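Chemist: Here's a structure for you.
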Amino acid sequence: MRFVYHLAEEANWPFIQQEGLWPAQALLERPAVPRPLRAPGQYRGDNLVLPDGRMLRDQRPMPPAALAGCLDPSMAPCDWYALVNRKVFFWWNLERLNRHRAACGRRAQRVLAVDLQALLGRYAATASVAPINTGYALRKAARRGAWTFVPFAQWERDAWASHAQHGARRPATHAPAEFTVDGCIPDIFCYVDDVKALQPFEPCALT
């Protein structure tokens, strides 16, 4: 796999150009954000526009009641939201990215094609992969827990072997759905190979 793909709201593009990629929680903890919004683990039922104009997408595909039904007993929905809010997400392939893009409908988007090996050269210690769309918990949702995210080096060595002890057996050939980095990537453009602007409803056709 040469590239992974980040899908961003067009409204966020000027901020990404200036500051790189930041996870949701890091943005929520900025002083200008009202204090009630800063608590980790809150569910976003609608898109949230921050005071600077940046948008955080809603989490409607994983509402608390549905999420509770597919989470490990050791986790509550608020724990899962706190976990994913600390990560920057990339899709492993364009098929996955375009499913997400379709869900964004009429909102214009930007796609960043990121050189995976170059990114790992700087962020391998905080990189992980997941075999499922971790932001979706409806209709036959896969079981999940903190173990869903496998450190990248471990995955290269053992694939999904660590999932078996949690009852989620997957063949080694099962491709990741997501690639993630914990925390901020302020220097993301050191690793970007291509950028594509997508008009409303337009799918991505990067090669």
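Starting from 1 in every chain, residues are counted up; chains themselves are A, B, ... following the order of the structure tokens, and ligands are numbered from 1 as listed.
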Give me, as a ChimeraX atom specification, the residues of chain A that a backbone DSSP run labels helix (DSSP H, G or I).

Modeler: /A:10-19,24-28,35-37,64-68,77-84,94-103,116-126,146-148,152-158,161-166,188-190

Chemist: What's around stretch 130-135 of chain A at 6 Å? Count only C-alpha atoms, leave out sequence neighbours fewer than 4 positions away in its own chain, and write the answer as number ranges by chain.

Modeler: A: 148-149, 176-178

Chemist: Within 10 Å of A:Tyr43, counting only C-alpha atoms, which residues show up once you throw out same-chain ones fewer than 2 positions away? Write them as a PyMOL selection string, please.

Modeler: chain A and resi 40-41+45-46+58-60+62-64+77-78+80-82

Chemist: Mind writing the picked residues with N, CA, C and O atoms as a PDB file, in the first residue's frame?

Modeler:
ATOM      1  N   PRO A  40     -14.043  15.262  27.048  1.00  0.00           N
ATOM      2  CA  PRO A  40     -13.880  14.120  26.141  1.00  0.00           C
ATOM      3  C   PRO A  40     -15.040  13.151  26.287  1.00  0.00           C
ATOM      4  O   PRO A  40     -15.643  13.016  27.359  1.00  0.00           O
ATOM      5  N   GLY A  41     -15.378  12.514  25.203  1.00  0.00           N
ATOM      6  CA  GLY A  41     -16.401  11.480  25.263  1.00  0.00           C
ATOM      7  C   GLY A  41     -17.810  11.942  25.001  1.00  0.00           C
ATOM      8  O   GLY A  41     -18.751  11.152  25.123  1.00  0.00           O
ATOM      9  N   GLY A  45     -24.338  14.723  17.912  1.00  0.00           N
ATOM     10  CA  GLY A  45     -25.500  14.334  17.125  1.00  0.00           C
ATOM     11  C   GLY A  45     -25.655  15.112  15.844  1.00  0.00           C
ATOM     12  O   GLY A  45     -26.383  14.695  14.935  1.00  0.00           O
ATOM     13  N   ASP A  46     -24.978  16.236  15.752  1.00  0.00           N
ATOM     14  CA  ASP A  46     -25.002  17.075  14.547  1.00  0.00           C
ATOM     15  C   ASP A  46     -23.596  17.582  14.285  1.00  0.00           C
ATOM     16  O   ASP A  46     -22.734  17.559  15.178  1.00  0.00           O
ATOM     17  N   ASP A  58     -20.616  15.179  12.428  1.00  0.00           N
ATOM     18  CA  ASP A  58     -21.481  14.513  13.404  1.00  0.00           C
ATOM     19  C   ASP A  58     -21.058  13.046  13.552  1.00  0.00           C
ATOM     20  O   ASP A  58     -20.308  12.494  12.736  1.00  0.00           O
ATOM     21  N   GLN A  59     -21.558  12.420  14.605  1.00  0.00           N
ATOM     22  CA  GLN A  59     -21.295  11.009  14.874  1.00  0.00           C
ATOM     23  C   GLN A  59     -22.590  10.193  14.822  1.00  0.00           C
ATOM     24  O   GLN A  59     -22.712   9.160  15.485  1.00  0.00           O
ATOM     25  N   ARG A  60     -23.512  10.631  13.976  1.00  0.00           N
ATOM     26  CA  ARG A  60     -24.806   9.953  13.885  1.00  0.00           C
ATOM     27  C   ARG A  60     -24.711   8.493  13.454  1.00  0.00           C
ATOM     28  O   ARG A  60     -25.579   7.695  13.838  1.00  0.00           O
ATOM     29  N   MET A  62     -22.914   6.370  14.704  1.00  0.00           N
ATOM     30  CA  MET A  62     -22.646   5.565  15.912  1.00  0.00           C
ATOM     31  C   MET A  62     -23.309   6.214  17.127  1.00  0.00           C
ATOM     32  O   MET A  62     -22.629   6.687  18.044  1.00  0.00           O
ATOM     33  N   PRO A  63     -24.659   6.227  17.158  1.00  0.00           N
ATOM     34  CA  PRO A  63     -25.353   6.802  18.322  1.00  0.00           C
ATOM     35  C   PRO A  63     -25.105   5.954  19.560  1.00  0.00           C
ATOM     36  O   PRO A  63     -24.800   4.760  19.469  1.00  0.00           O
ATOM     37  N   PRO A  64     -25.219   6.547  20.741  1.00  0.00           N
ATOM     38  CA  PRO A  64     -24.865   5.830  21.969  1.00  0.00           C
ATOM     39  C   PRO A  64     -25.562   4.491  22.150  1.00  0.00           C
ATOM     40  O   PRO A  64     -24.924   3.502  22.532  1.00  0.00           O
ATOM     41  N   PRO A  77     -20.083   3.988  25.779  1.00  0.00           N
ATOM     42  CA  PRO A  77     -20.000   4.816  24.577  1.00  0.00           C
ATOM     43  C   PRO A  77     -19.112   6.046  24.747  1.00  0.00           C
ATOM     44  O   PRO A  77     -18.354   6.393  23.838  1.00  0.00           O
ATOM     45  N   CYS A  78     -19.163   6.692  25.913  1.00  0.00           N
ATOM     46  CA  CYS A  78     -18.332   7.883  26.100  1.00  0.00           C
ATOM     47  C   CYS A  78     -16.844   7.542  26.006  1.00  0.00           C
ATOM     48  O   CYS A  78     -16.042   8.363  25.539  1.00  0.00           O
ATOM     49  N   TRP A  80     -15.567   5.228  24.054  1.00  0.00           N
ATOM     50  CA  TRP A  80     -15.268   5.050  22.623  1.00  0.00           C
ATOM     51  C   TRP A  80     -15.138   6.400  21.927  1.00  0.00           C
ATOM     52  O   TRP A  80     -14.208   6.628  21.156  1.00  0.00           O
ATOM     53  N   TYR A  81     -16.068   7.313  22.212  1.00  0.00           N
ATOM     54  CA  TYR A  81     -15.973   8.640  21.605  1.00  0.00           C
ATOM     55  C   TYR A  81     -14.658   9.321  22.006  1.00  0.00           C
ATOM     56  O   TYR A  81     -14.005   9.955  21.179  1.00  0.00           O
ATOM     57  N   ALA A  82     -14.279   9.189  23.263  1.00  0.00           N
ATOM     58  CA  ALA A  82     -13.018   9.790  23.713  1.00  0.00           C
ATOM     59  C   ALA A  82     -11.831   9.178  22.983  1.00  0.00           C
ATOM     60  O   ALA A  82     -10.878   9.883  22.625  1.00  0.00           O
TER      61      ALA A  82
END

Chemist: Could you state the separation of atom CA of A:Ala125 and atom CA of A:Ala175 in Å, given to one decimal place?

Modeler: 20.5 Å

Chemist: From the options A:Ala108, A:Leu138, A:Ala32, A:Leu116, which residue's atoms come nearest to A:Trp91, counting only C-alpha atoms?

Modeler: A:Leu116
